[in-house]
Amino acid sequence: MAEFLSAQWFDVLNENLRHAEPLPLDANSNAFRVVLEFADGPTSLPHAITFTMSADGASLCAGDHLAADAMVSLNYADALALTEGRFDSASALREGRVKVRGDINAIVPLLSWLQLAHPHAEK
């Protein structure tokens with residue numbers, strides 16, 4: 001398995017996203033972006049990732065996006081657990097381990113969908 005946040009990790013995850021279940025969006029929905037940011041990760045890795053969703057599909061890239069619809073802040077360990085499918089986003093929100101700025105209504109379904117999109121997620 002590729003190291004979390006490496007170029008290979010982005011390639012593998014984007015390939016998985018291309019073959020994931022359909023996105024929870026209407027065909028007429030505008031694209032939107034959610035940034036996952038984590039300040040406590042290794043300095044050699046990106047401090048954030050941007051997840052872009054549209055009716056045509058989803059993709060993930062390193063870094064943040066200034067026009068993000070929502071920003072999700074979490075620690076590096078929780079971000080890693082999320083990408084490995086071992087993260088209960090609803091519990092983490094209730095416990096305050098995840099901070100959200102922007103459209104919180106889109107975050108919980110997005111995180112749940114992302115968990116299920118991961119090839120090693122428990123389904």
# chains A, B, ... in the order shown; residues from 1 in each chain; ligands from 1
call {"tool": "select_by_dssp", "arguments": {"residues": "chain A", "states": "helix (DSSP H, G or I)", "output": "CSV table (one decimal) with N, CA, C and O atoms, in the first residue's frame"}}
result
chain,number,residue,atom,x,y,z
A,7,ALA,N,2.6,10.7,-3.7
A,7,ALA,CA,2.1,10.9,-5.1
A,7,ALA,C,1.4,9.6,-5.5
A,7,ALA,O,0.3,9.6,-6.1
A,8,GLN,N,2.0,8.5,-5.1
A,8,GLN,CA,1.4,7.2,-5.5
A,8,GLN,C,0.0,7.0,-4.8
A,8,GLN,O,-0.9,6.5,-5.4
A,9,TRP,N,-0.1,7.4,-3.5
A,9,TRP,CA,-1.3,7.3,-2.8
A,9,TRP,C,-2.4,8.1,-3.5
A,9,TRP,O,-3.5,7.6,-3.7
A,10,PHE,N,-2.1,9.4,-3.9
A,10,PHE,CA,-3.1,10.1,-4.7
A,10,PHE,C,-3.5,9.4,-6.0
A,10,PHE,O,-4.7,9.4,-6.3
A,11,ASP,N,-2.5,8.8,-6.7
A,11,ASP,CA,-2.8,8.1,-7.9
A,11,ASP,C,-3.8,6.9,-7.7
A,11,ASP,O,-4.8,6.8,-8.4
A,12,VAL,N,-3.5,6.1,-6.6
A,12,VAL,CA,-4.3,5.0,-6.3
A,12,VAL,C,-5.7,5.4,-5.9
A,12,VAL,O,-6.7,4.8,-6.3
A,13,LEU,N,-5.8,6.4,-5.0
A,13,LEU,CA,-7.1,6.8,-4.5
A,13,LEU,C,-7.9,7.4,-5.6
A,13,LEU,O,-9.1,7.1,-5.7
A,14,ASN,N,-7.3,8.2,-6.5
A,14,ASN,CA,-8.1,8.8,-7.6
A,14,ASN,C,-8.6,7.7,-8.6
A,14,ASN,O,-9.7,7.7,-9.1
A,15,GLU,N,-7.8,6.6,-8.8
A,15,GLU,CA,-8.2,5.5,-9.6
A,15,GLU,C,-9.4,4.8,-8.9
A,15,GLU,O,-10.4,4.5,-9.5
A,16,ASN,N,-9.3,4.6,-7.6
A,16,ASN,CA,-10.4,4.0,-6.8
A,16,ASN,C,-11.7,4.9,-6.9
A,16,ASN,O,-12.8,4.4,-7.1
A,17,LEU,N,-11.5,6.2,-6.8
A,17,LEU,CA,-12.7,7.1,-6.9
A,17,LEU,C,-13.3,7.0,-8.3
A,17,LEU,O,-14.6,7.2,-8.4
A,18,ARG,N,-12.6,6.8,-9.3
A,18,ARG,CA,-13.1,6.7,-10.7
A,18,ARG,C,-14.0,5.5,-10.8
A,18,ARG,O,-14.9,5.5,-11.6
A,76,TYR,N,-3.8,14.6,12.1
A,76,TYR,CA,-3.1,13.7,11.1
A,76,TYR,C,-3.6,12.2,11.3
A,76,TYR,O,-3.9,11.5,10.3
A,77,ALA,N,-3.5,11.8,12.5
A,77,ALA,CA,-3.9,10.4,12.8
A,77,ALA,C,-5.3,10.1,12.3
A,77,ALA,O,-5.6,9.0,11.8
A,78,ASP,N,-6.3,11.0,12.6
A,78,ASP,CA,-7.7,10.8,12.2
A,78,ASP,C,-7.8,10.9,10.7
A,78,ASP,O,-8.6,10.1,10.1
A,79,ALA,N,-7.0,11.7,10.0
A,79,ALA,CA,-7.0,11.8,8.6
A,79,ALA,C,-6.6,10.5,8.0
A,79,ALA,O,-7.2,10.0,7.0
A,80,LEU,N,-5.5,9.9,8.5
A,80,LEU,CA,-5.0,8.6,8.1
A,80,LEU,C,-6.1,7.6,8.3
A,80,LEU,O,-6.4,6.8,7.3
A,81,ALA,N,-6.7,7.5,9.4
A,81,ALA,CA,-7.8,6.6,9.7
A,81,ALA,C,-9.0,6.7,8.7
A,81,ALA,O,-9.5,5.7,8.3
A,82,LEU,N,-9.3,8.0,8.4
A,82,LEU,CA,-10.4,8.2,7.5
A,82,LEU,C,-10.1,7.6,6.1
A,82,LEU,O,-10.9,6.9,5.5
A,83,THR,N,-8.9,7.8,5.6
A,83,THR,CA,-8.5,7.3,4.3
A,83,THR,C,-8.3,5.8,4.3
A,83,THR,O,-8.4,5.2,3.2
A,89,SER,N,-16.9,9.2,11.2
A,89,SER,CA,-17.0,10.6,11.0
A,89,SER,C,-18.1,11.2,11.9
A,89,SER,O,-17.9,12.3,12.5
A,90,ALA,N,-19.2,10.6,12.0
A,90,ALA,CA,-20.3,11.1,12.8
A,90,ALA,C,-19.9,11.2,14.3
A,90,ALA,O,-20.1,12.2,15.0
A,91,SER,N,-19.3,10.1,14.8
A,91,SER,CA,-18.8,10.2,16.2
A,91,SER,C,-17.7,11.2,16.4
A,91,SER,O,-17.7,11.9,17.4
A,92,ALA,N,-16.8,11.3,15.5
A,92,ALA,CA,-15.7,12.3,15.6
A,92,ALA,C,-16.3,13.7,15.6
A,92,ALA,O,-15.8,14.6,16.3
A,93,LEU,N,-17.3,14.0,14.8
A,93,LEU,CA,-18.0,15.3,14.8
A,93,LEU,C,-18.6,15.6,16.2
A,93,LEU,O,-18.4,16.7,16.8
A,94,ARG,N,-19.3,14.6,16.7
A,94,ARG,CA,-19.9,14.8,18.1
A,94,ARG,C,-18.8,15.0,19.2
A,94,ARG,O,-19.1,15.7,20.1
A,95,GLU,N,-17.7,14.3,19.0
A,95,GLU,CA,-16.6,14.4,20.0
A,95,GLU,C,-15.8,15.6,19.9
A,95,GLU,O,-14.9,15.9,20.7
A,104,ILE,N,-21.8,22.3,6.6
A,104,ILE,CA,-21.7,21.1,7.4
A,104,ILE,C,-22.7,20.0,6.9
A,104,ILE,O,-22.4,18.8,7.1
A,105,ASN,N,-23.8,20.4,6.3
A,105,ASN,CA,-24.7,19.4,5.8
A,105,ASN,C,-24.2,18.5,4.8
A,105,ASN,O,-24.6,17.4,4.6
A,106,ALA,N,-23.2,19.0,4.0
A,106,ALA,CA,-22.6,18.1,3.0
A,106,ALA,C,-21.5,17.3,3.5
A,106,ALA,O,-21.1,16.3,2.8
A,107,ILE,N,-20.9,17.6,4.7
A,107,ILE,CA,-19.7,16.9,5.2
A,107,ILE,C,-20.0,15.5,5.6
A,107,ILE,O,-19.3,14.6,5.2
A,108,VAL,N,-21.0,15.3,6.4
A,108,VAL,CA,-21.2,13.9,7.0
A,108,VAL,C,-21.5,12.9,5.9
A,108,VAL,O,-20.8,11.9,5.8
A,109,PRO,N,-22.4,13.2,4.9
A,109,PRO,CA,-22.6,12.2,3.9
A,109,PRO,C,-21.3,12.0,3.0
A,109,PRO,O,-21.0,10.9,2.6
A,110,LEU,N,-20.6,13.1,2.8
A,110,LEU,CA,-19.3,13.0,2.0
A,110,LEU,C,-18.3,12.1,2.7
A,110,LEU,O,-17.7,11.2,2.1
A,111,LEU,N,-18.1,12.3,4.0
A,111,LEU,CA,-17.2,11.5,4.7
A,111,LEU,C,-17.6,10.0,4.7
A,111,LEU,O,-16.8,9.1,4.6
A,112,SER,N,-18.9,9.8,4.9
A,112,SER,CA,-19.4,8.4,4.9
A,112,SER,C,-19.1,7.8,3.5
A,112,SER,O,-18.7,6.6,3.4
A,113,TRP,N,-19.4,8.6,2.4
A,113,TRP,CA,-19.2,8.1,1.1
A,113,TRP,C,-17.7,7.8,0.8
A,113,TRP,O,-17.4,6.8,0.2
A,114,LEU,N,-16.9,8.7,1.3
A,114,LEU,CA,-15.4,8.5,1.1
A,114,LEU,C,-15.0,7.2,1.8
A,114,LEU,O,-14.1,6.5,1.3
A,115,GLN,N,-15.5,7.0,3.0
A,115,GLN,CA,-15.1,5.8,3.7
A,115,GLN,C,-15.4,4.5,2.9
A,115,GLN,O,-14.7,3.6,2.8
A,116,LEU,N,-16.6,4.5,2.3
A,116,LEU,CA,-17.1,3.4,1.6
A,116,LEU,C,-16.3,3.3,0.2
A,116,LEU,O,-16.2,2.2,-0.3
A,117,ALA,N,-15.8,4.4,-0.3
A,117,ALA,CA,-15.1,4.4,-1.5
A,117,ALA,C,-13.7,3.7,-1.4
A,117,ALA,O,-13.1,3.3,-2.3
call {"tool": "residues_around", "arguments": {"residues": "range 59-75 of chain A", "least_positions_apart": "6", "cutoff": "9 Å", "atoms": "only C-alpha atoms", "output": "MDAnalysis selection string"}}
result
chainID A and resid 5 7 10:11 13:15 17:18 32:41 46:53 97:104 106:107
call {"tool": "atom_distance", "arguments": {"atom1": "CA of Thr43 in chain A", "atom2": "CA of Phe87 in chain A"}}
result
23.1 Å
call {"tool": "select_by_dssp", "arguments": {"residues": "chain A", "states": "strand (DSSP E or B)", "output": "MDAnalysis selection string"}}
result
chainID A and resid 32:37 48:54 57:62 70:73 99:102
call {"tool": "write_last_selection", "arguments": {"atoms": "N, CA, C and O atoms", "output": "CSV table (one decimal), in the first residue's frame"}}
result
chain,number,residue,atom,x,y,z
A,32,PHE,N,-18.5,20.9,-6.2
A,32,PHE,CA,-18.1,21.5,-4.9
A,32,PHE,C,-16.9,20.9,-4.4
A,32,PHE,O,-16.5,19.7,-4.8
A,33,ARG,N,-16.2,21.6,-3.6
A,33,ARG,CA,-14.9,21.2,-3.0
A,33,ARG,C,-14.9,21.2,-1.5
A,33,ARG,O,-15.4,22.1,-0.9
A,34,VAL,N,-14.3,20.1,-1.0
A,34,VAL,CA,-14.1,20.0,0.5
A,34,VAL,C,-12.6,19.9,0.7
A,34,VAL,O,-12.0,19.0,0.1
A,35,VAL,N,-12.1,20.7,1.6
A,35,VAL,CA,-10.7,20.6,2.0
A,35,VAL,C,-10.6,19.9,3.3
A,35,VAL,O,-11.2,20.3,4.3
A,36,LEU,N,-9.7,18.9,3.4
A,36,LEU,CA,-9.4,18.3,4.7
A,36,LEU,C,-8.0,18.8,5.0
A,36,LEU,O,-7.1,18.6,4.3
A,37,GLU,N,-7.9,19.5,6.2
A,37,GLU,CA,-6.6,20.1,6.6
A,37,GLU,C,-6.2,19.5,7.9
A,37,GLU,O,-7.0,19.2,8.8
A,48,ALA,N,-2.8,19.6,3.6
A,48,ALA,CA,-4.2,19.5,3.2
A,48,ALA,C,-4.4,18.7,2.0
A,48,ALA,O,-3.5,18.6,1.1
A,49,ILE,N,-5.7,18.2,1.8
A,49,ILE,CA,-6.1,17.6,0.5
A,49,ILE,C,-7.4,18.2,0.1
A,49,ILE,O,-8.2,18.6,1.0
A,50,THR,N,-7.6,18.4,-1.2
A,50,THR,CA,-8.9,18.9,-1.7
A,50,THR,C,-9.6,17.8,-2.4
A,50,THR,O,-9.1,17.2,-3.3
A,51,PHE,N,-10.8,17.6,-2.0
A,51,PHE,CA,-11.7,16.6,-2.6
A,51,PHE,C,-12.7,17.4,-3.4
A,51,PHE,O,-13.4,18.2,-2.9
A,52,THR,N,-12.8,17.1,-4.7
A,52,THR,CA,-13.7,17.8,-5.6
A,52,THR,C,-14.7,16.8,-6.1
A,52,THR,O,-14.4,15.7,-6.6
A,53,MET,N,-16.0,17.2,-6.0
A,53,MET,CA,-17.1,16.3,-6.4
A,53,MET,C,-18.0,17.0,-7.4
A,53,MET,O,-18.2,18.2,-7.3
A,54,SER,N,-18.4,16.3,-8.4
A,54,SER,CA,-19.4,16.8,-9.4
A,54,SER,C,-20.2,15.6,-9.8
A,54,SER,O,-19.9,14.4,-9.5
A,57,GLY,N,-18.1,12.9,-11.4
A,57,GLY,CA,-17.2,12.0,-10.6
A,57,GLY,C,-16.5,12.8,-9.5
A,57,GLY,O,-16.9,13.9,-9.2
A,58,ALA,N,-15.5,12.2,-9.0
A,58,ALA,CA,-14.8,12.8,-7.8
A,58,ALA,C,-13.3,12.7,-8.1
A,58,ALA,O,-12.8,11.8,-8.8
A,59,SER,N,-12.5,13.6,-7.5
A,59,SER,CA,-11.1,13.5,-7.5
A,59,SER,C,-10.5,14.1,-6.3
A,59,SER,O,-11.2,14.9,-5.5
A,60,LEU,N,-9.2,13.8,-6.0
A,60,LEU,CA,-8.5,14.3,-4.8
A,60,LEU,C,-7.2,14.8,-5.3
A,60,LEU,O,-6.5,14.2,-6.1
A,61,CYS,N,-6.8,16.0,-4.7
A,61,CYS,CA,-5.4,16.5,-5.0
A,61,CYS,C,-4.8,17.0,-3.7
A,61,CYS,O,-5.5,17.3,-2.7
A,62,ALA,N,-3.5,17.2,-3.8
A,62,ALA,CA,-2.7,17.7,-2.6
A,62,ALA,C,-3.0,19.2,-2.5
A,62,ALA,O,-3.2,19.9,-3.5
A,70,ALA,N,-16.3,23.9,1.8
A,70,ALA,CA,-16.2,23.5,3.2
A,70,ALA,C,-14.8,23.2,3.6
A,70,ALA,O,-14.0,22.7,2.7
A,71,MET,N,-14.4,23.4,4.8
A,71,MET,CA,-13.1,23.1,5.3
A,71,MET,C,-13.3,22.2,6.5
A,71,MET,O,-14.0,22.5,7.4
A,72,VAL,N,-12.6,21.1,6.5
A,72,VAL,CA,-12.7,20.1,7.6
A,72,VAL,C,-11.3,20.0,8.2
A,72,VAL,O,-10.3,19.7,7.5
A,73,SER,N,-11.1,20.4,9.5
A,73,SER,CA,-9.9,20.3,10.2
A,73,SER,C,-9.9,19.1,11.1
A,73,SER,O,-10.8,18.9,11.9
A,99,LYS,N,-13.4,19.6,13.1
A,99,LYS,CA,-13.9,21.0,13.0
A,99,LYS,C,-14.3,21.3,11.6
A,99,LYS,O,-13.6,21.0,10.7
A,100,VAL,N,-15.5,21.9,11.4
A,100,VAL,CA,-16.0,22.1,10.0
A,100,VAL,C,-16.3,23.6,9.9
A,100,VAL,O,-17.0,24.2,10.8
A,101,ARG,N,-15.8,24.2,8.8
A,101,ARG,CA,-16.2,25.6,8.4
A,101,ARG,C,-16.9,25.4,7.0
A,101,ARG,O,-16.4,24.8,6.1
A,102,GLY,N,-18.0,26.0,6.9
A,102,GLY,CA,-18.7,26.0,5.6
A,102,GLY,C,-20.0,25.1,5.7
A,102,GLY,O,-20.6,25.1,6.8
call {"tool": "closest_residue", "arguments": {"among": "A:Arg86, A:Leu45, A:Gly96, A:Ala55", "to": "Glu3 in chain A", "atoms": "only C-alpha atoms"}}
result
A:Leu45
call {"tool": "atom_distance", "arguments": {"atom1": "CA of Gly85 in chain A", "atom2": "CA of Phe4 in chain A"}}
result
12.7 Å
call {"tool": "decode", "arguments": {"residues": "range 67-81 of chain A", "atoms": "N, CA and C atoms", "output": "compact mmCIF listing (two decimals), in the first residue's frame"}}
result
# COMPACT_ATOMS: atom_id res chain seq x y z
N ALA A 67 -11.39 28.27 -3.14
CA ALA A 67 -12.83 28.34 -3.36
C ALA A 67 -13.56 27.13 -2.77
N ALA A 68 -13.01 26.53 -1.74
CA ALA A 68 -13.64 25.36 -1.13
C ALA A 68 -14.99 25.73 -0.53
N ASP A 69 -15.94 24.82 -0.66
CA ASP A 69 -17.26 25.02 -0.08
C ASP A 69 -17.27 24.71 1.41
N ALA A 70 -16.33 23.88 1.83
CA ALA A 70 -16.22 23.53 3.25
C ALA A 70 -14.78 23.16 3.56
N MET A 71 -14.39 23.44 4.79
CA MET A 71 -13.06 23.08 5.30
C MET A 71 -13.27 22.17 6.50
N VAL A 72 -12.59 21.05 6.50
CA VAL A 72 -12.65 20.11 7.61
C VAL A 72 -11.26 20.03 8.21
N SER A 73 -11.15 20.36 9.49
CA SER A 73 -9.86 20.28 10.19
C SER A 73 -9.89 19.07 11.11
N LEU A 74 -8.85 18.26 11.02
CA LEU A 74 -8.71 17.11 11.89
C LEU A 74 -7.24 16.81 12.05
N ASN A 75 -6.91 15.99 13.04
CA ASN A 75 -5.50 15.70 13.24
C ASN A 75 -5.04 14.66 12.21
N TYR A 76 -3.75 14.56 12.06
CA TYR A 76 -3.15 13.70 11.05
C TYR A 76 -3.56 12.23 11.25
N ALA A 77 -3.55 11.76 12.50
CA ALA A 77 -3.91 10.36 12.77
C ALA A 77 -5.34 10.06 12.34
N ASP A 78 -6.26 10.99 12.62
CA ASP A 78 -7.65 10.80 12.21
C ASP A 78 -7.79 10.87 10.68
N ALA A 79 -7.02 11.74 10.03
CA ALA A 79 -7.05 11.82 8.57
C ALA A 79 -6.58 10.50 7.96
N LEU A 80 -5.53 9.94 8.52
CA LEU A 80 -5.03 8.65 8.06
C LEU A 80 -6.10 7.57 8.26
N ALA A 81 -6.72 7.54 9.42
CA ALA A 81 -7.78 6.55 9.70
C ALA A 81 -8.95 6.72 8.74
